[in-house]
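J.: Have a look at the structure that comes next, please.
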Amino acid sequence: MESIPTTIVIFGASGDLTWRKLIPALYNSFKKGRLSERVNVVGFARRPYTDETFRAALRDGVAKFSAESFDATVWGKFAGRLHYFQGNLDVTADFPKLETTLQALEGGPSNRLYYLATAPEHYAIVVGELGAAGMAKQGPGPDVWRRIVIEKPFGRDLESALELNRAVHAVFDESQVYRIDHYLGKETAQNILFFRFANTIFEPVWNRRYVNNVQVTVSETVDVGHRAGYYDTAGVMRDMFQNHLLQLLALVAMEAPSSFSADAVRNEKAKVFESIRPVALADTVRGQYAGYRDAVGVAPDSQTPTFAALKLNIDNWRWQGVPFYLRSGKAMARKTSEIIIEFQRPPHLMFRLPEGRDFTPNILSLCIQPDEGIHLRFEAKLPDSDQEMRSVDMDFHYGSLFTGTLPEAYERLLLEALAGDASLFTRSASWKMVDPILQGWEEHNDPPLTVYPVGSWGPGEADQLLARDDRRWRLGCIDEKDGPPAAP
Ligand code: BG6
């Protein structure tokens, strides 16, 4: 039987996300033969494009952001699947018009994947209009589906996230909803569950008896650039922690799900979020890089943090007493996203350490990007010495072991949404933990914002957060000499 065609409708099609990420991802899937020949993409936006000018603009995006895989002949074939609909999200009449256009293009029953790549304030509006125009209705027949992909941010606090959820559920059933967190589409993030649960040797030590602390660092060297207008209303907690960092944390901390199904995986993650103890404001640090307020779109007295660090605890049997330290920021010294599992020290050390040398515990580093891989640091006897040891690394790099470049996160995520697999999508937004922190920061200025130099590792307070516990930030994926100074 001929498969049912699918239309991907992108709302916000003239925006950055479509140009930089979505179309290059779809193009690459098409090139690899993973996107059905029967998929059409319709872009909805206000700009007066025609199909031709829309395609030309998107071609530039693919040539730029996917330069190594761009092929003019393949593009020519793919471009024929791209269409443009000029419409205004605020004009109700444009939705039935869109429906008519889609039906004419589809010429019969067709699946639809609606993608909300608009500014977040339009999410509820578009969902409502889709409902009113009857565009969320599935069928005819059980195989014809309607799905909706919702970009981050999903709300700006718990209340607005719940409100958005209500708006979405008034039109779509939860099984039709795909909330994006692009970190979950990264190969290295997906690999965390494989590393933990497709091997036997790590899981027995993955708990409070052997792990001393866990650290998640997501540092970026870029500043807010041309996104300042959005960023100044969001800040690092909404932009990075509430989604990306907490998702990474959940992958590291969760129990083994009973299966690899979306519900089983997401149930286990939900248990982690439920077990996070409310974070004391004294265990949070917020910083802003010097010069941030000079960016166009930023309020001159902006209190928006571009860096944050925090310590949290997970109250369950596995993690009781093991602190999780999280930090993320812009305009920092190096770009690295990594998870550090720092193991306990040996209960008794019979070897003499040279004067002034501290003992280095075992450290497992899950390197999310840019040098994707895994490192395990352990102690080895220095040859030709009496009792001296050195820390050495066992490492695995995707780049040297697997051929081909790693696919962009959006490639996998779009294919999964088309296939109806929601395991790489989030179910509930984890605002519960974040909300009180934001309140403390925004309403009580507690703790105060600290300015940090561009190209640094954030405010000194972030180092003190760990030094207080006799610990320090570790970096295992990039050279430690580029790391923060050792804690005093
Ligand atoms: C986005 C944030 O979700 O993730 C950006 O809005 C951030 O501020 C980006 O730069 C980081 O993504 P990646 O994939 O480059 O680590």
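Chain identifiers are assigned as A, B, and so on, following the order in which chains appear in the structure tokens; residues are numbered from 1 within each chain, and ligands are numbered from 1 in order of appearance.
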Write out as a list of chain:residue names each polymer residue (protein, DNA or RNA) that has an atom no more than 7 Å from ligand 1, with only C-alpha atoms and all ligand atoms counted.

T.: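 For ligand 1, the residues inside 7 Å are A:His182, A:Tyr183, A:Asp239, A:Met240.
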
J.: Can you list every residue in region 165-238 of chain A that DSSP puts in strand (DSSP E or B), as a list in words?

T.: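 Answer for region 165-238 of chain A restricted to strand (DSSP E or B) is Val177, Tyr178, Arg179, Val211, Asn212, Asn213, Val214, Gln215, Val216, Thr217, Val218 and Ser219 of chain A.
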
J.: For N, CA and C atoms, I'd like the residues from the last selection saved as a compact mmCIF listing (two decimals), in the first residue's frame.

T.:
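This is the output file again.txt:
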```txt
# COMPACT_ATOMS: atom_id res chain seq x y z
N VAL A 177 1.66 15.68 21.09
CA VAL A 177 2.50 16.85 21.41
C VAL A 177 3.97 16.45 21.58
N TYR A 178 4.85 17.20 20.92
CA TYR A 178 6.30 16.95 20.98
C TYR A 178 7.00 18.23 21.41
N ARG A 179 7.43 18.27 22.68
CA ARG A 179 8.11 19.48 23.17
C ARG A 179 9.60 19.28 22.97
N VAL A 211 30.08 7.54 44.16
CA VAL A 211 30.17 8.86 43.52
C VAL A 211 30.23 9.93 44.60
N ASN A 212 31.21 10.82 44.47
CA ASN A 212 31.37 11.89 45.45
C ASN A 212 30.52 13.10 45.07
N ASN A 213 30.54 13.45 43.79
CA ASN A 213 29.69 14.55 43.32
C ASN A 213 29.59 14.48 41.80
N VAL A 214 28.58 15.15 41.30
CA VAL A 214 28.37 15.20 39.85
C VAL A 214 28.37 16.66 39.43
N GLN A 215 29.00 16.95 38.31
CA GLN A 215 29.03 18.33 37.83
C GLN A 215 28.58 18.40 36.38
N VAL A 216 27.79 19.41 36.08
CA VAL A 216 27.40 19.64 34.69
C VAL A 216 27.85 21.05 34.33
N THR A 217 28.72 21.13 33.33
CA THR A 217 29.16 22.44 32.84
C THR A 217 28.70 22.60 31.40
N VAL A 218 28.00 23.67 31.12
CA VAL A 218 27.69 24.02 29.73
C VAL A 218 28.16 25.46 29.56
N SER A 219 29.39 25.61 29.08
CA SER A 219 29.93 26.96 28.92
C SER A 219 30.00 27.31 27.45
```

J.: Measuring between only C-alpha atoms, which one of A:Val392, A:Ala161, A:Val126, A:Leu366 shows the shortest distance to Phe378 (chain A)?

T.: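 That would be A:Val392, the residue with the smallest distance to Phe378 (chain A).
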
J.: If we count only C-alpha atoms, what is near Ala270 (chain A) at a cut-off of 8 Å, once residues fewer than 4 positions away on the same chain are taken out, given as a PyMOL selection string?

T.: chain A and resi 266+274+428

J.: Can you tell me, as an NGL selection string, what residues are no more than 8 Å from Asp232 (chain A) when counting only C-alpha atoms, ignoring any on the same chain fewer than 5 positions away?

T.: :A and (297-299 or 302 or 304)

J.: Using only N, CA, C and O atoms, please write the residues we just selected to a file, as a short mmCIF file (atom, residue, chain, number, x, y, z; two decimals), in the first residue's frame.

T.:
```
data_model
loop_
_atom_site.label_atom_id
_atom_site.label_comp_id
_atom_site.auth_asym_id
_atom_site.auth_seq_id
_atom_site.Cartn_x
_atom_site.Cartn_y
_atom_site.Cartn_z
N GLY A 297 19.13 46.07 22.62
CA GLY A 297 18.00 45.25 23.06
C GLY A 297 18.06 44.92 24.54
O GLY A 297 17.13 44.34 25.09
N VAL A 298 19.17 45.29 25.19
CA VAL A 298 19.31 45.00 26.62
C VAL A 298 19.03 46.27 27.42
O VAL A 298 19.53 47.35 27.07
N ALA A 299 18.23 46.14 28.46
CA ALA A 299 17.94 47.31 29.31
C ALA A 299 19.23 47.81 29.96
O ALA A 299 20.06 46.99 30.37
N SER A 302 19.85 46.27 33.21
CA SER A 302 19.41 44.87 33.21
C SER A 302 20.03 44.05 34.35
O SER A 302 21.23 44.13 34.61
N THR A 304 19.54 40.77 34.23
CA THR A 304 19.45 39.43 33.65
C THR A 304 20.77 38.68 33.78
O THR A 304 21.80 39.18 33.34
#
```

J.: Using only C-alpha atoms, which residues of region 312-342 of chain A come within 12 Å of region 224-230 of chain A, and what is the closest atom pair for each, with the distance in Å to one decimal? Give it as a tab-separated table, sorted by chain and residue number.

T.:
```
residue	atom	partner	partner_atom	distance
A:Gly329	CA	A:Val224	CA	10.3
A:Lys330	CA	A:Val224	CA	7.2
A:Ala331	CA	A:Val224	CA	8.2
A:Met332	CA	A:Val224	CA	11.7
```

J.: Go ahead and write the residues just picked, all heavy atoms, as a tab-separated table (two decimals), in the first residue's frame.

T.:
```tsv
chain	number	residue	atom	x	y	z
A	329	GLY	N	27.04	29.42	31.22
A	329	GLY	CA	27.14	30.85	30.99
A	329	GLY	C	27.57	31.17	29.58
A	329	GLY	O	28.00	30.29	28.83
A	330	LYS	N	27.41	32.43	29.26
A	330	LYS	CA	27.86	32.94	27.95
A	330	LYS	C	29.12	33.77	28.16
A	330	LYS	O	29.43	34.18	29.28
A	330	LYS	CB	26.76	33.81	27.34
A	330	LYS	CG	25.48	33.04	27.05
A	330	LYS	CD	24.87	33.44	25.74
A	330	LYS	CE	23.56	32.72	25.49
A	330	LYS	NZ	23.71	31.45	24.81
A	331	ALA	N	29.82	34.01	27.05
A	331	ALA	CA	31.06	34.82	27.05
A	331	ALA	C	32.08	34.24	28.03
A	331	ALA	O	32.75	34.99	28.75
A	331	ALA	CB	30.74	36.28	27.38
A	332	MET	N	32.19	32.95	28.06
A	332	MET	CA	33.11	32.30	29.00
A	332	MET	C	34.42	31.91	28.31
A	332	MET	O	34.58	32.08	27.11
A	332	MET	CB	32.43	31.10	29.65
A	332	MET	CG	31.29	31.54	30.57
A	332	MET	SD	30.45	30.20	31.36
A	332	MET	CE	31.71	29.51	32.42
```

J.: Nearest residue to Ser456 (chain A) out of A:Glu220, A:Asp60, A:Glu106, A:Asp71, using only C-alpha atoms?

T.: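 Ranking A:Glu220, A:Asp60, A:Glu106, A:Asp71 by distance to Ser456 (chain A), first place goes to A:Glu220.
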
J.: Could I get the residues of region 383-449 of chain A with an atom no further than 10 Å from an atom of region 241-258 of chain A, each paired with its nearest atom pair and that distance in Å to one decimal, using only C-alpha atoms, sorted by chain and residue number, as JSON lines?

T.:
```
{"residue": "A:Thr426", "atom": "CA", "partner": "A:Gln247", "partner_atom": "CA", "distance": 8.5}
{"residue": "A:Ala429", "atom": "CA", "partner": "A:Asn243", "partner_atom": "CA", "distance": 7.5}
{"residue": "A:Ser430", "atom": "CA", "partner": "A:Gln242", "partner_atom": "CA", "distance": 6.2}
{"residue": "A:Trp431", "atom": "CA", "partner": "A:Gln242", "partner_atom": "CA", "distance": 6.5}
{"residue": "A:Lys432", "atom": "CA", "partner": "A:Gln242", "partner_atom": "CA", "distance": 9.4}
{"residue": "A:Met433", "atom": "CA", "partner": "A:Gln242", "partner_atom": "CA", "distance": 8.4}
{"residue": "A:Val434", "atom": "CA", "partner": "A:Gln242", "partner_atom": "CA", "distance": 6.5}
{"residue": "A:Asp435", "atom": "CA", "partner": "A:Gln242", "partner_atom": "CA", "distance": 9.3}
```

J.: Store the residues of this selection in a file with N, CA and C atoms, as an mmCIF file, in the first residue's frame.

T.:
```cif
data_model
loop_
_atom_site.group_PDB
_atom_site.id
_atom_site.type_symbol
_atom_site.label_atom_id
_atom_site.label_comp_id
_atom_site.auth_asym_id
_atom_site.auth_seq_id
_atom_site.Cartn_x
_atom_site.Cartn_y
_atom_site.Cartn_z
ATOM 1 N N THR A 426 10.364 16.219 25.682
ATOM 2 C CA THR A 426 10.070 16.332 27.103
ATOM 3 C C THR A 426 8.551 16.293 27.307
ATOM 4 N N ALA A 429 7.447 20.368 31.743
ATOM 5 C CA ALA A 429 8.537 21.314 31.892
ATOM 6 C C ALA A 429 8.900 21.354 33.373
ATOM 7 N N SER A 430 10.195 21.332 33.660
ATOM 8 C CA SER A 430 10.614 21.210 35.060
ATOM 9 C C SER A 430 10.770 22.574 35.720
ATOM 10 N N TRP A 431 9.676 23.291 35.800
ATOM 11 C CA TRP A 431 9.727 24.623 36.395
ATOM 12 C C TRP A 431 9.691 24.595 37.912
ATOM 13 N N LYS A 432 9.233 23.480 38.474
ATOM 14 C CA LYS A 432 8.996 23.430 39.913
ATOM 15 C C LYS A 432 10.267 23.781 40.703
ATOM 16 N N MET A 433 11.380 23.291 40.209
ATOM 17 C CA MET A 433 12.631 23.553 40.909
ATOM 18 C C MET A 433 13.147 24.965 40.619
ATOM 19 N N VAL A 434 12.880 25.406 39.395
ATOM 20 C CA VAL A 434 13.470 26.661 38.930
ATOM 21 C C VAL A 434 12.705 27.890 39.450
ATOM 22 N N ASP A 435 11.401 27.763 39.565
ATOM 23 C CA ASP A 435 10.555 28.902 39.937
ATOM 24 C C ASP A 435 10.998 29.645 41.207
#
```

J.: Which residue out of A:Val9, A:Ala189, A:Leu466, A:Leu415 has the minimum interatomic distance to Thr118 (chain A) when only C-alpha atoms are used?

T.: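 With only C-alpha atoms as the atom set, the closest residue is A:Val9.
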
J.: Can you tell me which residues surround region 306-314 of chain A at a distance of at most 6 Å, considering only C-alpha atoms, apart from same-chain residues fewer than 5 positions away, and format the answer as a list of chain:residue names?

T.: A:Gly235, A:Val236, A:Ser275, A:Ile276, A:Arg277, A:Val279, A:Asp283, A:Thr284, A:Val285, A:Arg286, A:Gly287, A:Gln288, A:Trp319, A:Pro323, A:Phe324, A:Tyr325, A:Leu326, A:Arg327, A:Ser328, A:Gly329, A:Lys330, A:Ala462

J.: Please report, as a PDB file with C-alpha atoms, in the first residue's frame, each residue of region 111-239 of chain A to which DSSP assigns helix (DSSP H, G or I) when run on this structure's backbone.

T.:
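Saved file part22.pdb follows:
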```pdb
ATOM      1  CA  PRO A 120       6.866  31.944  22.234  1.00  0.00           C
ATOM      2  CA  GLU A 121       4.036  34.449  22.773  1.00  0.00           C
ATOM      3  CA  HIS A 122       2.426  33.034  19.614  1.00  0.00           C
ATOM      4  CA  TYR A 123       2.367  29.382  20.694  1.00  0.00           C
ATOM      5  CA  ALA A 124      -1.045  29.449  22.360  1.00  0.00           C
ATOM      6  CA  ILE A 125      -2.505  31.618  19.586  1.00  0.00           C
ATOM      7  CA  VAL A 126      -1.423  29.244  16.821  1.00  0.00           C
ATOM      8  CA  VAL A 127      -2.631  26.203  18.741  1.00  0.00           C
ATOM      9  CA  GLY A 128      -6.018  27.864  19.288  1.00  0.00           C
ATOM     10  CA  GLU A 129      -6.334  28.800  15.611  1.00  0.00           C
ATOM     11  CA  LEU A 130      -5.402  25.299  14.510  1.00  0.00           C
ATOM     12  CA  GLY A 131      -8.125  23.983  16.772  1.00  0.00           C
ATOM     13  CA  ALA A 132     -10.714  26.494  15.573  1.00  0.00           C
ATOM     14  CA  LEU A 158       5.390  27.155  36.306  1.00  0.00           C
ATOM     15  CA  GLU A 159       2.141  29.065  36.004  1.00  0.00           C
ATOM     16  CA  SER A 160       2.603  30.134  32.381  1.00  0.00           C
ATOM     17  CA  ALA A 161       3.816  26.631  31.465  1.00  0.00           C
ATOM     18  CA  LEU A 162       0.668  25.123  32.967  1.00  0.00           C
ATOM     19  CA  GLU A 163      -1.431  27.683  31.144  1.00  0.00           C
ATOM     20  CA  LEU A 164       0.247  26.857  27.849  1.00  0.00           C
ATOM     21  CA  ASN A 165      -0.225  23.163  28.563  1.00  0.00           C
ATOM     22  CA  ARG A 166      -3.944  23.768  29.094  1.00  0.00           C
ATOM     23  CA  ALA A 167      -4.172  25.687  25.812  1.00  0.00           C
ATOM     24  CA  VAL A 168      -2.353  22.877  24.001  1.00  0.00           C
ATOM     25  CA  HIS A 169      -4.444  20.134  25.597  1.00  0.00           C
ATOM     26  CA  GLU A 174      -0.777  14.680  24.824  1.00  0.00           C
ATOM     27  CA  SER A 175       0.135  11.844  22.440  1.00  0.00           C
ATOM     28  CA  GLN A 176       0.176  14.416  19.622  1.00  0.00           C
ATOM     29  CA  HIS A 182      17.408  20.011  21.282  1.00  0.00           C
ATOM     30  CA  TYR A 183      19.998  18.740  23.783  1.00  0.00           C
ATOM     31  CA  LEU A 184      18.115  15.439  23.793  1.00  0.00           C
ATOM     32  CA  GLY A 185      18.737  15.137  20.057  1.00  0.00           C
ATOM     33  CA  GLU A 187      24.151  11.935  19.948  1.00  0.00           C
ATOM     34  CA  THR A 188      26.215  12.317  23.094  1.00  0.00           C
ATOM     35  CA  ALA A 189      23.159  13.018  25.240  1.00  0.00           C
ATOM     36  CA  GLN A 190      21.382   9.995  23.767  1.00  0.00           C
ATOM     37  CA  ASN A 191      24.489   7.963  24.443  1.00  0.00           C
ATOM     38  CA  ILE A 192      24.246   8.538  28.201  1.00  0.00           C
ATOM     39  CA  LEU A 193      21.517   5.910  28.514  1.00  0.00           C
ATOM     40  CA  PHE A 194      23.435   3.519  26.263  1.00  0.00           C
ATOM     41  CA  PHE A 195      26.603   4.039  28.270  1.00  0.00           C
ATOM     42  CA  ARG A 196      24.797   3.387  31.522  1.00  0.00           C
ATOM     43  CA  PHE A 197      22.402   0.625  30.511  1.00  0.00           C
ATOM     44  CA  GLU A 203      26.002   0.988  36.840  1.00  0.00           C
ATOM     45  CA  PRO A 204      27.222  -0.769  40.027  1.00  0.00           C
ATOM     46  CA  VAL A 205      29.322   2.289  40.918  1.00  0.00           C
ATOM     47  CA  GLY A 225      24.719  38.525  19.935  1.00  0.00           C
ATOM     48  CA  HIS A 226      21.639  39.533  17.996  1.00  0.00           C
ATOM     49  CA  ARG A 227      19.305  37.603  20.333  1.00  0.00           C
ATOM     50  CA  ALA A 228      19.623  40.155  23.109  1.00  0.00           C
ATOM     51  CA  GLY A 229      15.975  41.221  22.862  1.00  0.00           C
ATOM     52  CA  TYR A 230      14.772  37.699  23.661  1.00  0.00           C
ATOM     53  CA  TYR A 231      17.613  36.875  26.003  1.00  0.00           C
ATOM     54  CA  ASP A 232      17.140  39.886  28.240  1.00  0.00           C
ATOM     55  CA  THR A 233      13.637  38.704  29.090  1.00  0.00           C
ATOM     56  CA  ALA A 234      14.796  35.128  29.663  1.00  0.00           C
ATOM     57  CA  GLY A 235      18.275  34.877  31.197  1.00  0.00           C
ATOM     58  CA  VAL A 236      20.377  31.799  31.654  1.00  0.00           C
ATOM     59  CA  MET A 237      18.048  29.979  34.043  1.00  0.00           C
ATOM     60  CA  ARG A 238      15.167  29.934  31.562  1.00  0.00           C
ATOM     61  CA  ASP A 239      17.378  29.684  28.492  1.00  0.00           C
TER      62      ASP A 239
END
```

J.: As an exercise, work out the distance from CA of Lys77 (chain A) to CA of Ser14 (chain A) in Å and give it to one decimal place.

T.: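 One can read the CA of Lys77 (chain A) to CA of Ser14 (chain A) distance as 21.1 Å.
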
J.: Would you please work out which residue, of A:Arg46, A:Asn111, A:Thr73, A:Ile201, is nearest to Gly420 (chain A) when using only C-alpha atoms?

T.: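 Checking each of A:Arg46, A:Asn111, A:Thr73, A:Ile201 against Gly420 (chain A), counting only C-alpha atoms, the winner is A:Asn111.
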
J.: Just to confirm, what's the straight-line distance from CA of Glu342 (chain A) to CA of Asp371 (chain A) in Å (one decimal)?

T.: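 These atoms are spaced 19.8 Å apart.
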
J.: Quick one: everything within 10 Å of Ala79 (chain A), counting only C-alpha atoms, minus sequence neighbours fewer than 3 positions away in the same chain. Send it as a PyMOL selection string.

T.: chain A and resi 27+40-41+51-52+54-56+58-59+73-76+82-83

J.: Quote the spacing between CA of Gln369 (chain A) and CA of Val322 (chain A) in Å to one decimal place.

T.: 24.8 Å

J.: Compile the contact shell of Asp301 (chain A) as a PyMOL selection string: residues with an atom at most 12 Å away, counting only C-alpha atoms, same-chain residues fewer than 4 positions apart removed.

T.: chain A and resi 232+288+291-295+297+305+449

J.: With all heavy atoms kept, could you save the residues just selected as an mmCIF file, in the first residue's frame?

T.:
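New file part27.cif:
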```cif
data_model
loop_
_atom_site.group_PDB
_atom_site.id
_atom_site.type_symbol
_atom_site.label_atom_id
_atom_site.label_comp_id
_atom_site.auth_asym_id
_atom_site.auth_seq_id
_atom_site.Cartn_x
_atom_site.Cartn_y
_atom_site.Cartn_z
ATOM 1 N N ASP A 232 17.258 39.024 27.069
ATOM 2 C CA ASP A 232 17.140 39.886 28.240
ATOM 3 C C ASP A 232 15.856 39.622 29.018
ATOM 4 O O ASP A 232 15.772 39.935 30.201
ATOM 5 C CB ASP A 232 17.230 41.362 27.825
ATOM 6 C CG ASP A 232 17.694 42.219 28.987
ATOM 7 O OD1 ASP A 232 18.582 41.772 29.743
ATOM 8 O OD2 ASP A 232 17.145 43.327 29.166
ATOM 9 N N GLN A 288 26.687 38.222 35.369
ATOM 10 C CA GLN A 288 26.411 38.848 34.072
ATOM 11 C C GLN A 288 27.759 39.269 33.500
ATOM 12 O O GLN A 288 28.575 39.864 34.215
ATOM 13 C CB GLN A 288 25.525 40.077 34.294
ATOM 14 C CG GLN A 288 25.005 40.719 33.038
ATOM 15 C CD GLN A 288 24.233 42.001 33.352
ATOM 16 O OE1 GLN A 288 24.815 43.037 33.705
ATOM 17 N NE2 GLN A 288 22.920 41.945 33.251
ATOM 18 N N GLY A 291 29.812 44.243 30.016
ATOM 19 C CA GLY A 291 29.470 44.771 28.692
ATOM 20 C C GLY A 291 28.139 44.272 28.170
ATOM 21 O O GLY A 291 27.659 44.739 27.135
ATOM 22 N N TYR A 292 27.526 43.327 28.879
ATOM 23 C CA TYR A 292 26.233 42.791 28.414
ATOM 24 C C TYR A 292 25.205 43.907 28.224
ATOM 25 O O TYR A 292 24.457 43.932 27.247
ATOM 26 C CB TYR A 292 25.731 41.751 29.427
ATOM 27 C CG TYR A 292 24.294 41.332 29.214
ATOM 28 C CD1 TYR A 292 23.944 40.483 28.167
ATOM 29 C CD2 TYR A 292 23.270 41.785 30.062
ATOM 30 C CE1 TYR A 292 22.619 40.099 27.967
ATOM 31 C CE2 TYR A 292 21.947 41.403 29.876
ATOM 32 C CZ TYR A 292 21.633 40.567 28.831
ATOM 33 O OH TYR A 292 20.322 40.194 28.629
ATOM 34 N N ARG A 293 25.209 44.865 29.157
ATOM 35 C CA ARG A 293 24.190 45.922 29.112
ATOM 36 C C ARG A 293 24.353 46.861 27.919
ATOM 37 O O ARG A 293 23.453 47.635 27.618
ATOM 38 C CB ARG A 293 24.229 46.735 30.410
ATOM 39 C CG ARG A 293 23.745 45.917 31.579
ATOM 40 C CD ARG A 293 23.832 46.690 32.881
ATOM 41 N NE ARG A 293 23.507 45.804 33.980
ATOM 42 C CZ ARG A 293 23.661 46.108 35.252
ATOM 43 N NH1 ARG A 293 24.131 47.289 35.594
ATOM 44 N NH2 ARG A 293 23.352 45.252 36.197
ATOM 45 N N ASP A 294 25.510 46.793 27.254
ATOM 46 C CA ASP A 294 25.712 47.662 26.087
ATOM 47 C C ASP A 294 25.094 47.063 24.831
ATOM 48 O O ASP A 294 25.011 47.728 23.798
ATOM 49 C CB ASP A 294 27.218 47.876 25.823
ATOM 50 C CG ASP A 294 27.901 48.501 27.025
ATOM 51 O OD1 ASP A 294 27.195 49.183 27.797
ATOM 52 O OD2 ASP A 294 29.119 48.277 27.197
ATOM 53 N N ALA A 295 24.685 45.805 24.878
ATOM 54 C CA ALA A 295 24.143 45.164 23.670
ATOM 55 C C ALA A 295 22.796 45.773 23.305
ATOM 56 O O ALA A 295 22.005 46.122 24.186
ATOM 57 C CB ALA A 295 24.002 43.661 23.894
ATOM 58 N N GLY A 297 19.129 46.074 22.615
ATOM 59 C CA GLY A 297 17.999 45.251 23.057
ATOM 60 C C GLY A 297 18.064 44.920 24.545
ATOM 61 O O GLY A 297 17.131 44.336 25.090
ATOM 62 N N PRO A 305 20.736 37.494 34.358
ATOM 63 C CA PRO A 305 21.986 36.745 34.471
ATOM 64 C C PRO A 305 22.345 36.043 33.166
ATOM 65 O O PRO A 305 21.485 35.444 32.516
ATOM 66 C CB PRO A 305 21.680 35.717 35.565
ATOM 67 C CG PRO A 305 20.203 35.578 35.576
ATOM 68 C CD PRO A 305 19.606 36.841 35.014
ATOM 69 N N LEU A 449 23.560 40.025 41.788
ATOM 70 C CA LEU A 449 24.217 39.698 40.519
ATOM 71 C C LEU A 449 25.678 40.148 40.572
ATOM 72 O O LEU A 449 25.968 41.224 41.046
ATOM 73 C CB LEU A 449 23.470 40.477 39.430
ATOM 74 C CG LEU A 449 23.804 40.245 37.984
ATOM 75 C CD1 LEU A 449 23.181 38.923 37.523
ATOM 76 C CD2 LEU A 449 23.238 41.384 37.122
#
```
